[in-house]
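S.K.: My questions all concern the structure below.
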Amino acid sequence: IANGRPAAAYTTLNGELQFERAENNDGSLWGGSQVLVASNSVTSFDIDLVLGQPAASFQRFDTGDLFYRRASDVDGSAWGIERTIDNSSASNVGSASSLEVINGLPAVSYRDQTNMSLVYCRSVDILGDAWGTLQVLGDTGNSGTVSHLIEVGGRPAVAFDSVFSAAFKRSDDNAGDAWPASDLILDLAFTGPNIFGIGLYQNLPCIVYPATSLQELRFVLAKDSEGSAWEAFETVTTLTTTFPLTGHMLIVDGQPAIAWANNSSDTINYATYF
């Protein structure tokens with residue numbers, strides 16, 4: 001929602017990143033789009049509001065680096081210049097970025113494909129004009145192919161795939177400058193690499209992910225507000241054929257809500273936790 005209206009970012013078939021805001025509050029009418037990055041440039045991205053204005057993190061195909069760009073107004077009708085978050089690797093850094101405001105400053109988690117690691121970085125200012133020290137959260141070779149960043153109990157936390165298992169990690173400080181050495185593995189049956197989302201339900205972290213080898217979509221809820229202990233998983237749905245590979249979870253009216261694609265029936269499905 002950008003200034004009271006639905007908004008979306010998407011890539012075109014030729015790799016152009018665009019932003020578009022509805023022309024009315026219910027999203028039944030849409031106008032022209034804003035081109036954020038030119039064609040043949042963007043491989044993956046995420047979008048959020050930073051100080052009430054749309055912002056995006058994205059990996060450029062032409063450089064293999066991670067960038068950030070924030071709108072100049074609340075509608076997203078004009079945008080500022082690109083800011084570099086990470087250009088440290090030789091060829092491929094910044095895929096599957098997750099953009100979130102952490103303690104008032106924009107921050108991202110993402111994959112460094114060159115070094116096969118999960119990385120976190122937070123801006124040093126509220127606008128995202130300059131970015132801080134890179135923090136490597138996992139470098140096992142199969143960590144963070146997909147990650148979702150959130151603030152949990154005043155600290156950054158990430159849900160991600162760790163060696164093809166569903167995992168969670170919360171920073172040791174409010175800024176994300178120090179992290180635990182080990183991952184908290186939530187489910188060994190997960191064979192990834194998709195994590196559908198992380199949210200807060202009644203102030204408790206919750207995660208949705210596919211246990212691909214068992215053809216199940218699973219939901220798991222923390223026992224405490226810091227995510228230091230977790231309940232047993234619950235099965236959202238079971239399929240008998242091809243497992244959904246895409247989906248997303250959001251908190252809607254205080255409840256976890258999940259949408260996912262069922263590849264076996266070519267349908268989009270929706271469920272709410274209660």
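Residues are named by chain letter and number: chains run A, B, ... in the order of the structure tokens, numbers start at 1 in each chain, and ligands are numbered from 1 in the order shown.
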Write down as a ChimeraX atom specification the residues of segment 49-244 of chain A whose backbone DSSP state falls under strand (DSSP E or B).
M.R.: /A:49-50,53-60,66-71,79,83-86,93-102,105-112,117-123,131,135-138,143-152,155-162,165-170,184-187,197-201,204-211,216-222,230,234-238
S.K.: Show me, as number ranges by chain, the residues that have an atom within 10 Å of Leu204 of chain A when counting only C-alpha atoms, minus same-chain residues fewer than 5 positions from it.
M.R.: A: 152-153, 199, 221-227, 230
S.K.: Could you write out that same residue set with N, CA and C atoms as a tab-separated table (two decimals), in the first residue's frame?
M.R.:
```tsv
chain	number	residue	atom	x	y	z
A	152	VAL	N	12.32	-8.94	14.90
A	152	VAL	CA	11.74	-9.79	15.93
A	152	VAL	C	12.27	-9.35	17.29
A	153	GLY	N	11.41	-8.87	18.14
A	153	GLY	CA	11.85	-8.43	19.46
A	153	GLY	C	12.91	-7.36	19.41
A	199	GLY	N	6.43	-13.91	9.44
A	199	GLY	CA	5.61	-12.82	9.98
A	199	GLY	C	5.52	-12.95	11.50
A	221	LEU	N	5.17	-22.15	14.20
A	221	LEU	CA	5.01	-20.99	15.06
A	221	LEU	C	5.98	-21.07	16.22
A	222	ALA	N	6.63	-19.95	16.53
A	222	ALA	CA	7.57	-19.92	17.66
A	222	ALA	C	6.81	-20.01	18.99
A	223	LYS	N	7.50	-20.51	20.00
A	223	LYS	CA	6.93	-20.59	21.34
A	223	LYS	C	7.12	-19.30	22.13
A	224	ASP	N	8.08	-18.46	21.71
A	224	ASP	CA	8.35	-17.22	22.42
A	224	ASP	C	8.58	-16.10	21.41
A	225	SER	N	8.57	-14.87	21.89
A	225	SER	CA	8.64	-13.70	21.02
A	225	SER	C	10.01	-13.49	20.39
A	226	GLU	N	11.03	-14.21	20.86
A	226	GLU	CA	12.38	-14.09	20.30
A	226	GLU	C	12.69	-15.18	19.28
A	227	GLY	N	11.83	-16.19	19.19
A	227	GLY	CA	12.07	-17.27	18.25
A	227	GLY	C	13.16	-18.22	18.70
A	230	TRP	N	10.50	-23.39	19.13
A	230	TRP	CA	9.41	-23.44	18.16
A	230	TRP	C	8.50	-24.64	18.41
```
S.K.: Nearest to Thr145 of chain A among A:Gln34, A:Thr133, A:Ser165, A:Asn194, with distances taken over only C-alpha atoms: which residue is it?
M.R.: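 With only C-alpha atoms as the atom set, the closest residue is A:Asn194.
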S.K.: Rounded to one decimal in Å, what is the spacing between atom CA of Phe160 of chain A and atom CA of Val119 of chain A?
M.R.: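 Calculated distance between atom CA of Phe160 of chain A and atom CA of Val119 of chain A is 11.1 Å.
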S.K.: Smallest atom-to-atom distance to Leu200 of chain A: which of A:Gly15, A:Asp161, A:Val236, A:Ala257, using only C-alpha atoms?
M.R.: A:Ala257
S.K.: Could you list, as a PyMOL selection string, every residue within 10 Å of Gly4 of chain A, counting only C-alpha atoms and ignoring same-chain residues fewer than 5 positions away?
M.R.: chain A and resi 21-22+24-26+74-75
S.K.: Just the residues within 10 Å of Ala56 of chain A, please, counting only C-alpha atoms, with nothing from its chain fewer than 4 positions along; format it as a list of chain:residue names.
M.R.: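 Result of the neighbour search: A:Ala9, A:Leu17, A:Phe19, A:Leu36, A:Phe45, A:Asp46, A:Ile47, A:Asp48, A:Leu49, A:Val50, A:Phe67, A:Tyr68, A:Arg69, A:Arg70, A:Ala71, A:Glu82, A:Ser97, A:Ser98, A:Leu99, A:Glu100.
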S.K.: How far is it from atom CA of Leu184 of chain A to atom CA of Phe233 of chain A, in Å with one decimal?
M.R.: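 Here the two named atoms are 14.3 Å from each other.
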S.K.: Please identify all polymer residues within 8 Å of segment 121-132 of chain A, counting only C-alpha atoms, omitting same-chain residues fewer than 4 positions from it, and present them as a ChimeraX atom specification.
M.R.: /A:50-51,68,70,83-85,102,104-109,175-176
S.K.: Using only C-alpha atoms, find the one residue out of A:Tyr201, A:Phe196, A:Cys206, A:Arg111 that sits nearest to Ile258 of chain A.
M.R.: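 For Ile258 of chain A, the nearest of the candidates is A:Phe196.
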S.K.: Can you list, as a list in words, every protein, DNA or RNA residue that comes within 10 Å of Gly197 of chain A when you count only C-alpha atoms, leaving out same-chain residues fewer than 4 positions away?
M.R.: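 These residues fall inside the cut-off: Val146, Ser147, His148, Leu149, Ile150, Val158, Ala159, Phe160, Cys206, Ile207, Val208, Tyr209, Phe219, Gly247, His248, Met249, Leu250, Ile251, Pro256 and Ile258 of chain A.
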S.K.: Do you have the atom CA of Phe164 of chain A-atom CA of Gln215 of chain A distance handy?
M.R.: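 Going from atom CA of Phe164 of chain A over to atom CA of Gln215 of chain A, I get 14.7 Å.
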